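K.L.:
For reference, this is model-v1.cif, and it has mmCIF, N, CA and C atoms.
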data_structure
#
loop_
_atom_site.label_atom_id
_atom_site.label_comp_id
_atom_site.auth_asym_id
_atom_site.auth_seq_id
_atom_site.Cartn_x
_atom_site.Cartn_y
_atom_site.Cartn_z
N MET L 1 232.31 169.33 45.89
CA MET L 1 231.94 168.12 46.56
C MET L 1 231.99 168.29 48.09
N LYS L 2 233.08 168.85 48.61
CA LYS L 2 233.20 169.06 50.04
C LYS L 2 232.15 170.04 50.54
N LEU L 3 231.86 171.03 49.74
CA LEU L 3 230.88 172.03 50.12
C LEU L 3 229.51 171.39 50.37
N ARG L 4 229.16 170.40 49.60
CA ARG L 4 227.89 169.71 49.75
C ARG L 4 227.81 169.04 51.13
N TYR L 5 228.89 168.43 51.59
CA TYR L 5 228.91 167.77 52.88
C TYR L 5 228.75 168.78 54.02
N PHE L 6 229.37 169.94 53.87
CA PHE L 6 229.24 170.97 54.90
C PHE L 6 227.82 171.51 54.95
N ALA L 7 227.14 171.53 53.84
CA ALA L 7 225.76 171.99 53.81
C ALA L 7 224.84 170.99 54.49
N VAL L 8 225.16 169.73 54.44
CA VAL L 8 224.32 168.69 55.02
C VAL L 8 224.54 168.56 56.52
N LEU L 9 225.72 168.86 57.02
CA LEU L 9 226.02 168.71 58.44
C LEU L 9 225.09 169.50 59.36
N PRO L 10 224.84 170.79 59.09
CA PRO L 10 223.92 171.51 59.98
C PRO L 10 222.52 170.90 60.01
N VAL L 11 222.05 170.43 58.89
CA VAL L 11 220.72 169.81 58.84
C VAL L 11 220.71 168.54 59.67
N MET L 12 221.74 167.74 59.54
CA MET L 12 221.82 166.50 60.33
C MET L 12 221.92 166.82 61.82
N PHE L 13 222.68 167.85 62.16
CA PHE L 13 222.80 168.25 63.55
C PHE L 13 221.45 168.66 64.11
N LEU L 14 220.71 169.48 63.39
CA LEU L 14 219.40 169.92 63.85
C LEU L 14 218.43 168.76 63.98
N MET L 15 218.50 167.84 63.05
CA MET L 15 217.63 166.66 63.12
C MET L 15 217.96 165.85 64.36
N GLY L 16 219.24 165.72 64.65
CA GLY L 16 219.67 164.98 65.84
C GLY L 16 219.21 165.65 67.12
N CYS L 17 219.20 166.96 67.14
CA CYS L 17 218.76 167.69 68.33
C CYS L 17 217.27 167.50 68.59
N GLU L 18 216.51 167.31 67.57
CA GLU L 18 215.06 167.20 67.72
C GLU L 18 214.60 165.82 68.14
N THR L 19 215.44 164.80 68.08
CA THR L 19 214.98 163.45 68.34
C THR L 19 214.57 163.23 69.78
N ASP L 20 215.17 163.95 70.73
CA ASP L 20 214.81 163.73 72.12
C ASP L 20 213.72 164.68 72.61
N VAL L 21 213.21 165.52 71.77
CA VAL L 21 212.18 166.47 72.16
C VAL L 21 210.81 165.84 71.95
N GLN L 22 210.05 165.75 73.04
CA GLN L 22 208.69 165.25 72.96
C GLN L 22 207.78 166.43 72.66
N VAL L 23 206.81 166.21 71.80
CA VAL L 23 205.96 167.31 71.37
C VAL L 23 204.49 166.93 71.54
N ASN L 24 203.74 167.85 72.11
CA ASN L 24 202.30 167.71 72.15
C ASN L 24 201.75 168.06 70.78
N ARG L 25 200.76 167.40 70.35
CA ARG L 25 200.06 167.78 69.13
C ARG L 25 198.82 168.56 69.54
N VAL L 26 199.05 169.78 70.00
CA VAL L 26 197.99 170.60 70.55
C VAL L 26 197.83 171.85 69.70
N SER L 27 196.61 172.16 69.38
CA SER L 27 196.29 173.36 68.61
C SER L 27 196.22 174.56 69.55
N THR L 28 196.55 175.71 69.03
CA THR L 28 196.43 176.92 69.85
C THR L 28 194.96 177.25 70.14
N SER L 29 194.05 176.58 69.45
CA SER L 29 192.64 176.80 69.75
C SER L 29 192.15 175.89 70.89
N ASP L 30 193.02 175.01 71.39
CA ASP L 30 192.68 174.15 72.52
C ASP L 30 192.32 175.05 73.71
N PRO L 31 191.21 174.77 74.39
CA PRO L 31 190.79 175.62 75.52
C PRO L 31 191.86 175.77 76.60
N ARG L 32 192.67 174.72 76.81
CA ARG L 32 193.74 174.82 77.83
C ARG L 32 194.79 175.84 77.41
N VAL L 33 195.12 175.86 76.13
CA VAL L 33 196.09 176.83 75.62
C VAL L 33 195.49 178.23 75.70
N GLN L 34 194.23 178.35 75.34
CA GLN L 34 193.57 179.65 75.41
C GLN L 34 193.58 180.19 76.85
N THR L 35 193.37 179.31 77.81
CA THR L 35 193.42 179.74 79.21
C THR L 35 194.81 180.25 79.57
N LEU L 36 195.85 179.52 79.14
CA LEU L 36 197.22 179.96 79.41
C LEU L 36 197.50 181.32 78.76
N LEU L 37 196.94 181.53 77.59
CA LEU L 37 197.14 182.81 76.90
C LEU L 37 196.44 183.96 77.62
N GLU L 38 195.33 183.67 78.28
CA GLU L 38 194.52 184.71 78.90
C GLU L 38 194.89 185.02 80.35
N TRP L 39 195.55 184.08 81.02
CA TRP L 39 195.88 184.29 82.43
C TRP L 39 196.74 185.52 82.63
N PRO L 40 196.58 186.19 83.76
CA PRO L 40 197.50 187.28 84.11
C PRO L 40 198.93 186.75 84.26
N VAL L 41 199.89 187.62 84.15
CA VAL L 41 201.31 187.24 84.19
C VAL L 41 201.65 186.38 85.42
N PRO L 42 201.31 186.79 86.64
CA PRO L 42 201.71 185.98 87.80
C PRO L 42 201.12 184.57 87.78
N GLU L 43 199.87 184.45 87.42
CA GLU L 43 199.23 183.12 87.41
C GLU L 43 199.87 182.23 86.34
N TYR L 44 200.12 182.78 85.19
CA TYR L 44 200.73 182.01 84.10
C TYR L 44 202.11 181.49 84.50
N TYR L 45 202.96 182.37 85.00
CA TYR L 45 204.32 181.96 85.33
C TYR L 45 204.38 181.04 86.55
N ALA L 46 203.46 181.19 87.48
CA ALA L 46 203.39 180.27 88.62
C ALA L 46 203.05 178.87 88.14
N ASN L 47 202.12 178.77 87.21
CA ASN L 47 201.74 177.46 86.66
C ASN L 47 202.87 176.84 85.84
N LEU L 48 203.64 177.67 85.14
CA LEU L 48 204.80 177.16 84.41
C LEU L 48 205.79 176.51 85.36
N ARG L 49 206.02 177.15 86.49
CA ARG L 49 206.96 176.59 87.48
C ARG L 49 206.49 175.21 87.95
N VAL L 50 205.19 175.09 88.21
CA VAL L 50 204.66 173.80 88.67
C VAL L 50 204.80 172.75 87.57
N ALA L 51 204.47 173.10 86.34
CA ALA L 51 204.59 172.14 85.23
C ALA L 51 206.04 171.69 85.06
N ARG L 52 206.97 172.62 85.19
CA ARG L 52 208.39 172.25 85.08
C ARG L 52 208.81 171.32 86.20
N ARG L 53 208.32 171.57 87.41
CA ARG L 53 208.66 170.70 88.54
C ARG L 53 208.14 169.28 88.30
N ILE L 54 206.93 169.18 87.80
CA ILE L 54 206.37 167.85 87.50
C ILE L 54 207.27 167.13 86.50
N ALA L 55 207.61 167.81 85.43
CA ALA L 55 208.45 167.20 84.39
C ALA L 55 209.83 166.85 84.93
N ASP L 56 210.38 167.67 85.81
CA ASP L 56 211.70 167.42 86.38
C ASP L 56 211.70 166.22 87.32
N GLN L 57 210.59 166.00 88.01
CA GLN L 57 210.54 164.98 89.04
C GLN L 57 209.75 163.74 88.65
N CYS L 58 209.34 163.66 87.41
CA CYS L 58 208.61 162.47 86.96
C CYS L 58 209.15 162.05 85.59
N PRO L 59 209.75 160.88 85.53
CA PRO L 59 210.31 160.44 84.24
C PRO L 59 209.27 160.16 83.16
N ARG L 60 208.00 160.10 83.53
CA ARG L 60 206.95 159.85 82.53
C ARG L 60 206.59 161.09 81.73
N TYR L 61 207.04 162.27 82.19
CA TYR L 61 206.66 163.51 81.52
C TYR L 61 207.88 164.36 81.18
N SER L 62 207.75 165.07 80.07
CA SER L 62 208.71 166.12 79.76
C SER L 62 207.92 167.41 79.62
N PHE L 63 208.62 168.52 79.75
CA PHE L 63 208.01 169.83 79.62
C PHE L 63 208.03 170.23 78.16
N ASP L 64 206.91 170.65 77.62
CA ASP L 64 206.80 171.01 76.21
C ASP L 64 207.37 172.40 75.98
N ARG L 65 208.68 172.45 75.74
CA ARG L 65 209.37 173.73 75.55
C ARG L 65 208.89 174.44 74.29
N ARG L 66 208.57 173.69 73.26
CA ARG L 66 208.12 174.31 72.01
C ARG L 66 206.78 175.02 72.21
N LEU L 67 205.84 174.34 72.87
CA LEU L 67 204.54 174.96 73.13
C LEU L 67 204.72 176.16 74.05
N ASP L 68 205.55 176.01 75.07
CA ASP L 68 205.83 177.12 75.98
C ASP L 68 206.36 178.33 75.21
N SER L 69 207.27 178.09 74.29
CA SER L 69 207.84 179.16 73.47
C SER L 69 206.77 179.83 72.60
N ASN L 70 205.91 179.01 72.00
CA ASN L 70 204.82 179.56 71.16
C ASN L 70 203.85 180.40 71.98
N ILE L 71 203.53 179.92 73.17
CA ILE L 71 202.61 180.66 74.04
C ILE L 71 203.27 181.96 74.49
N ALA L 72 204.55 181.89 74.87
CA ALA L 72 205.27 183.09 75.31
C ALA L 72 205.31 184.14 74.20
N GLU L 73 205.50 183.68 72.98
CA GLU L 73 205.53 184.60 71.84
C GLU L 73 204.17 185.29 71.67
N GLN L 74 203.11 184.51 71.77
CA GLN L 74 201.77 185.09 71.63
C GLN L 74 201.45 186.03 72.80
N ARG L 75 201.88 185.63 74.01
CA ARG L 75 201.63 186.48 75.19
C ARG L 75 202.42 187.79 75.07
N SER L 76 203.61 187.73 74.48
CA SER L 76 204.42 188.94 74.30
C SER L 76 203.69 189.95 73.44
N GLY L 77 202.96 189.46 72.47
CA GLY L 77 202.21 190.34 71.59
C GLY L 77 201.09 191.09 72.31
N THR L 78 200.69 190.58 73.48
CA THR L 78 199.64 191.24 74.25
C THR L 78 200.19 191.93 75.50
N GLY L 79 201.51 192.00 75.60
CA GLY L 79 202.13 192.66 76.74
C GLY L 79 202.19 191.82 78.00
N ARG L 80 202.02 190.48 77.86
CA ARG L 80 202.04 189.60 79.03
C ARG L 80 203.12 188.51 78.91
N GLY L 81 204.20 188.83 78.20
CA GLY L 81 205.27 187.87 77.98
C GLY L 81 206.41 188.01 78.98
N PRO L 82 207.57 187.49 78.62
CA PRO L 82 208.73 187.50 79.52
C PRO L 82 209.15 188.90 79.97
N LEU L 83 209.04 189.90 79.13
CA LEU L 83 209.41 191.25 79.55
C LEU L 83 208.49 191.76 80.65
N ALA L 84 207.21 191.47 80.53
CA ALA L 84 206.25 191.86 81.56
C ALA L 84 206.53 191.10 82.85
N ALA L 85 206.94 189.85 82.72
CA ALA L 85 207.22 189.02 83.90
C ALA L 85 208.40 189.55 84.69
N ALA L 86 209.38 190.11 84.00
CA ALA L 86 210.57 190.64 84.68
C ALA L 86 210.19 191.72 85.69
N GLY L 87 209.19 192.50 85.38
CA GLY L 87 208.75 193.56 86.28
C GLY L 87 207.76 193.11 87.33
N GLN L 88 207.36 191.84 87.27
CA GLN L 88 206.35 191.34 88.21
C GLN L 88 206.86 190.15 89.01
N ARG L 89 208.17 190.08 89.20
CA ARG L 89 208.77 188.93 89.88
C ARG L 89 208.16 188.69 91.27
N GLY L 90 207.95 189.75 92.03
CA GLY L 90 207.37 189.59 93.36
C GLY L 90 205.97 189.01 93.31
N ALA L 91 205.16 189.49 92.39
CA ALA L 91 203.80 188.97 92.24
C ALA L 91 203.82 187.52 91.77
N ILE L 92 204.76 187.19 90.91
CA ILE L 92 204.89 185.80 90.44
C ILE L 92 205.28 184.89 91.59
N ASP L 93 206.23 185.32 92.41
CA ASP L 93 206.65 184.51 93.57
C ASP L 93 205.49 184.31 94.54
N LEU L 94 204.72 185.36 94.77
CA LEU L 94 203.55 185.27 95.65
C LEU L 94 202.52 184.29 95.07
N GLU L 95 202.23 184.42 93.80
CA GLU L 95 201.26 183.53 93.15
C GLU L 95 201.77 182.09 93.14
N PHE L 96 203.07 181.91 92.96
CA PHE L 96 203.63 180.56 92.99
C PHE L 96 203.43 179.94 94.37
N GLY L 97 203.60 180.72 95.43
CA GLY L 97 203.37 180.20 96.78
C GLY L 97 201.94 179.72 96.95
N VAL L 98 200.99 180.49 96.43
CA VAL L 98 199.57 180.11 96.50
C VAL L 98 199.33 178.85 95.67
N LYS L 99 199.82 178.84 94.44
CA LYS L 99 199.64 177.69 93.54
C LYS L 99 200.28 176.45 94.13
N ARG L 100 201.46 176.62 94.69
CA ARG L 100 202.19 175.50 95.29
C ARG L 100 201.38 174.86 96.42
N ARG L 101 200.91 175.69 97.35
CA ARG L 101 200.14 175.15 98.47
C ARG L 101 198.86 174.47 98.00
N SER L 102 198.21 175.06 97.04
CA SER L 102 196.99 174.48 96.49
C SER L 102 197.29 173.14 95.82
N PHE L 103 198.31 173.12 94.97
CA PHE L 103 198.69 171.90 94.26
C PHE L 103 199.07 170.79 95.24
N GLU L 104 199.87 171.15 96.26
CA GLU L 104 200.31 170.15 97.24
C GLU L 104 199.13 169.61 98.03
N ALA L 105 198.16 170.46 98.37
CA ALA L 105 196.98 170.01 99.11
C ALA L 105 196.09 169.12 98.25
N ILE L 106 195.88 169.51 97.01
CA ILE L 106 195.02 168.72 96.12
C ILE L 106 195.61 167.33 95.87
N HIS L 107 196.92 167.28 95.63
CA HIS L 107 197.55 166.01 95.24
C HIS L 107 198.28 165.30 96.38
N GLN L 108 198.28 165.90 97.57
CA GLN L 108 198.96 165.30 98.73
C GLN L 108 200.42 164.98 98.43
N VAL L 109 201.13 165.96 97.91
CA VAL L 109 202.55 165.81 97.55
C VAL L 109 203.33 167.02 98.06
N ASP L 110 204.65 166.86 98.04
CA ASP L 110 205.56 167.98 98.29
C ASP L 110 206.21 168.28 96.95
N LEU L 111 206.03 169.47 96.46
CA LEU L 111 206.49 169.84 95.13
C LEU L 111 208.01 169.72 94.98
N ASP L 112 208.72 169.77 96.10
CA ASP L 112 210.18 169.69 96.03
C ASP L 112 210.74 168.27 96.14
N SER L 113 210.02 167.39 96.82
CA SER L 113 210.65 166.09 97.09
C SER L 113 209.82 164.87 96.73
N SER L 114 208.58 165.04 96.37
CA SER L 114 207.73 163.89 96.05
C SER L 114 207.91 163.45 94.60
N ASN L 115 207.55 162.20 94.36
CA ASN L 115 207.41 161.73 92.98
C ASN L 115 206.10 162.33 92.50
N LEU L 116 206.17 163.12 91.45
CA LEU L 116 205.00 163.88 91.01
C LEU L 116 204.27 163.23 89.84
N CYS L 117 204.58 161.97 89.56
CA CYS L 117 203.94 161.29 88.42
C CYS L 117 202.42 161.18 88.60
N ALA L 118 201.99 160.76 89.77
CA ALA L 118 200.54 160.62 90.00
C ALA L 118 199.85 161.98 89.89
N ALA L 119 200.50 163.03 90.38
CA ALA L 119 199.92 164.37 90.28
C ALA L 119 199.84 164.79 88.81
N GLY L 120 200.89 164.50 88.04
CA GLY L 120 200.87 164.80 86.61
C GLY L 120 199.77 164.03 85.89
N ASP L 121 199.63 162.76 86.25
CA ASP L 121 198.57 161.94 85.66
C ASP L 121 197.19 162.54 85.94
N ASP L 122 197.01 162.99 87.19
CA ASP L 122 195.73 163.57 87.58
C ASP L 122 195.47 164.88 86.84
N GLU L 123 196.49 165.72 86.72
CA GLU L 123 196.34 166.97 85.98
C GLU L 123 195.93 166.70 84.53
N ARG L 124 196.56 165.71 83.92
CA ARG L 124 196.22 165.37 82.53
C ARG L 124 194.82 164.78 82.44
N ALA L 125 194.45 163.95 83.39
CA ALA L 125 193.11 163.35 83.37
C ALA L 125 192.03 164.42 83.52
N ARG L 126 192.33 165.46 84.28
CA ARG L 126 191.35 166.55 84.48
C ARG L 126 191.46 167.62 83.41
N ASN L 127 192.39 167.47 82.46
CA ASN L 127 192.58 168.43 81.37
C ASN L 127 192.76 169.86 81.86
N THR L 128 193.59 170.02 82.87
CA THR L 128 193.86 171.36 83.40
C THR L 128 194.75 172.12 82.42
N PRO L 129 194.75 173.43 82.48
CA PRO L 129 195.65 174.21 81.61
C PRO L 129 197.12 173.80 81.78
N LEU L 130 197.52 173.54 83.01
CA LEU L 130 198.89 173.12 83.28
C LEU L 130 199.23 171.83 82.53
N SER L 131 198.26 170.94 82.39
CA SER L 131 198.51 169.63 81.79
C SER L 131 198.92 169.68 80.33
N VAL L 132 198.56 170.76 79.63
CA VAL L 132 198.89 170.85 78.22
C VAL L 132 200.41 170.99 78.02
N LEU L 133 201.12 171.39 79.06
CA LEU L 133 202.57 171.54 78.97
C LEU L 133 203.32 170.27 79.32
N LEU L 134 202.59 169.23 79.74
CA LEU L 134 203.20 167.96 80.11
C LEU L 134 203.05 166.97 78.96
N VAL L 135 204.17 166.47 78.48
CA VAL L 135 204.15 165.54 77.36
C VAL L 135 204.55 164.16 77.88
N PRO L 136 203.69 163.15 77.71
CA PRO L 136 204.09 161.79 78.11
C PRO L 136 205.33 161.36 77.33
N THR L 137 206.30 160.78 78.02
CA THR L 137 207.55 160.40 77.37
C THR L 137 207.52 158.96 76.85
N GLY L 138 206.58 158.19 77.27
CA GLY L 138 206.59 156.79 76.86
C GLY L 138 205.53 156.40 75.96
#
Write out the structure in this file as structure tokens.

P.N.:
Amino acid sequence: MKLRYFAVLPVMFLMGCETDVQVNRVSTSDPRVQTLLEWPVPEYYANLRVARRIADQCPRYSFDRRLDSNIAEQRSGTGRGPLAAAGQRGAIDLEFGVKRRSFEAIHQVDLDSSNLCAAGDDERARNTPLSVLLVPTG
């Protein structure tokens, strides 16, 4: 009898952990996902940083960690995953600087201190590859 309760506890714990995770219902065949899969390592990781900043600074969006994990797994299979990124940190930082300036100019925001909700809304409205990683929370 007690053993049955112990078997149920991990399942309940996992279910509880999943309740606050927002999930996109996006297929890997979505053109935005395909673009993320095809981008070179620096461009991909620079865009991830921007998407995370939007989610961090806008309560209307969360970052889709599950989709990010799935994409990273697929990119790893082609040699463009996290291991490849470790060796390209300088290139990623350089690309992030370019992406940052471009993003800030397009949306008239400061990536570090602005409310990025309107920029996130615009990215989603334009169906940019970055937007697929932003999940509306409400």

K.L.:
One decimal, in Å: what's the spacing between atom CA of L:Asn127 and atom CA of L:Ala85?

P.N.:
25.4 Å

K.L.:
With 3 Å on each side, where is the centre of the axis-aligned box around all listed atoms of stretch 92-106 of chain L, and how long are its edges in Å to one decimal, as AutoDock Vina command-line options?

P.N.:
--center_x 200.8 --center_y 177.3 --center_z 94.8 --size_x 17.6 --size_y 25.9 --size_z 14.7

K.L.:
Counting only N, CA and C atoms, what is within 8 Å of L:Pro82, bar same-chain residues fewer than 5 positions away, as number ranges by chain?

P.N.:
L: 72-73, 75-77, 87

K.L.:
Take the residues that were just selected and, keeping N, CA and C atoms, output them as a compact mmCIF listing (two decimals), in the frame of the given file.

P.N.:
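Result went into part16.txt, see below:
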# COMPACT_ATOMS: atom_id res chain seq x y z
N ALA L 72 204.55 181.89 74.87
CA ALA L 72 205.27 183.09 75.31
C ALA L 72 205.31 184.14 74.20
N GLU L 73 205.50 183.68 72.98
CA GLU L 73 205.53 184.60 71.84
C GLU L 73 204.17 185.29 71.67
N ARG L 75 201.88 185.63 74.01
CA ARG L 75 201.63 186.48 75.19
C ARG L 75 202.42 187.79 75.07
N SER L 76 203.61 187.73 74.48
CA SER L 76 204.42 188.94 74.30
C SER L 76 203.69 189.95 73.44
N GLY L 77 202.96 189.46 72.47
CA GLY L 77 202.21 190.34 71.59
C GLY L 77 201.09 191.09 72.31
N GLY L 87 209.19 192.50 85.38
CA GLY L 87 208.75 193.56 86.28
C GLY L 87 207.76 193.11 87.33

K.L.:
Write out as a PyMOL selection string the set of residues from stretch 15-138 of chain L that DSSP, computed on the backbone, places in strand (DSSP E).

P.N.:
chain L and resi 61-63+134-136

K.L.:
Selected residues, N, CA and C atoms, written as a PDB file, in the frame of the given file, please.

P.N.:
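Written out: again-v5.pdb:
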ATOM      1  N   TYR L  61     207.040 162.270  82.190  1.00  0.00           N
ATOM      2  CA  TYR L  61     206.660 163.510  81.520  1.00  0.00           C
ATOM      3  C   TYR L  61     207.880 164.360  81.180  1.00  0.00           C
ATOM      4  N   SER L  62     207.750 165.070  80.070  1.00  0.00           N
ATOM      5  CA  SER L  62     208.710 166.120  79.760  1.00  0.00           C
ATOM      6  C   SER L  62     207.920 167.410  79.620  1.00  0.00           C
ATOM      7  N   PHE L  63     208.620 168.520  79.750  1.00  0.00           N
ATOM      8  CA  PHE L  63     208.010 169.830  79.620  1.00  0.00           C
ATOM      9  C   PHE L  63     208.030 170.230  78.160  1.00  0.00           C
ATOM     10  N   LEU L 134     202.590 169.230  79.740  1.00  0.00           N
ATOM     11  CA  LEU L 134     203.200 167.960  80.110  1.00  0.00           C
ATOM     12  C   LEU L 134     203.050 166.970  78.960  1.00  0.00           C
ATOM     13  N   VAL L 135     204.170 166.470  78.480  1.00  0.00           N
ATOM     14  CA  VAL L 135     204.150 165.540  77.360  1.00  0.00           C
ATOM     15  C   VAL L 135     204.550 164.160  77.880  1.00  0.00           C
ATOM     16  N   PRO L 136     203.690 163.150  77.710  1.00  0.00           N
ATOM     17  CA  PRO L 136     204.090 161.790  78.110  1.00  0.00           C
ATOM     18  C   PRO L 136     205.330 161.360  77.330  1.00  0.00           C
TER      19      PRO L 136
END

K.L.:
From the set L:Gln108, L:Phe103, L:Glu95, L:Leu67, which residue has the shortest atom-to-atom contact distance to L:Tyr45, counting only N, CA and C atoms?

P.N.:
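Nearest candidate to L:Tyr45 out of L:Gln108, L:Phe103, L:Glu95, L:Leu67: L:Glu95.
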
K.L.:
List the residues selected by the PyMOL selection byres ((chain L and resi 46) around 7) in the file shown, writing them as a ChimeraX atom specification.

P.N.:
/L:41-45,47-51,92-93,95-97,99

K.L.:
Hey, what comes out of the PyMOL selection byres (((chain L and resi 25-38 and name CA) around 7) and name CA) on this file? Could you write it as a ChimeraX atom specification?

P.N.:
/L:23-24,39-40,44,71,75,128-129,132

K.L.:
Would you work out the distance separating atom CA of L:Arg65 from atom CA of L:Leu133, expressed in Å to one decimal?

P.N.:
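Atom-to-atom, atom CA of L:Arg65 and atom CA of L:Leu133 are spaced 7.9 Å apart.
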
K.L.:
Give me, please, the distance in Å between atom CA of L:Leu111 and atom CA of L:Ile54, quoted to one decimal.

P.N.:
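For atom CA of L:Leu111 relative to atom CA of L:Ile54, the distance reads 7.9 Å.
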
K.L.:
Run the PyMOL selection byres ((chain L and resi 113-123) around 7) against the file shown and list the residues it catches, as a PyMOL selection string.

P.N.:
chain L and resi 53-54+57-60+107+109-112+124-128+130-132

K.L.:
Using DSSP on the backbone coordinates, identify all residues within stretch 31-124 of chain L classified as alpha helix (DSSP H); present the result as a count of residues only.

P.N.:
69
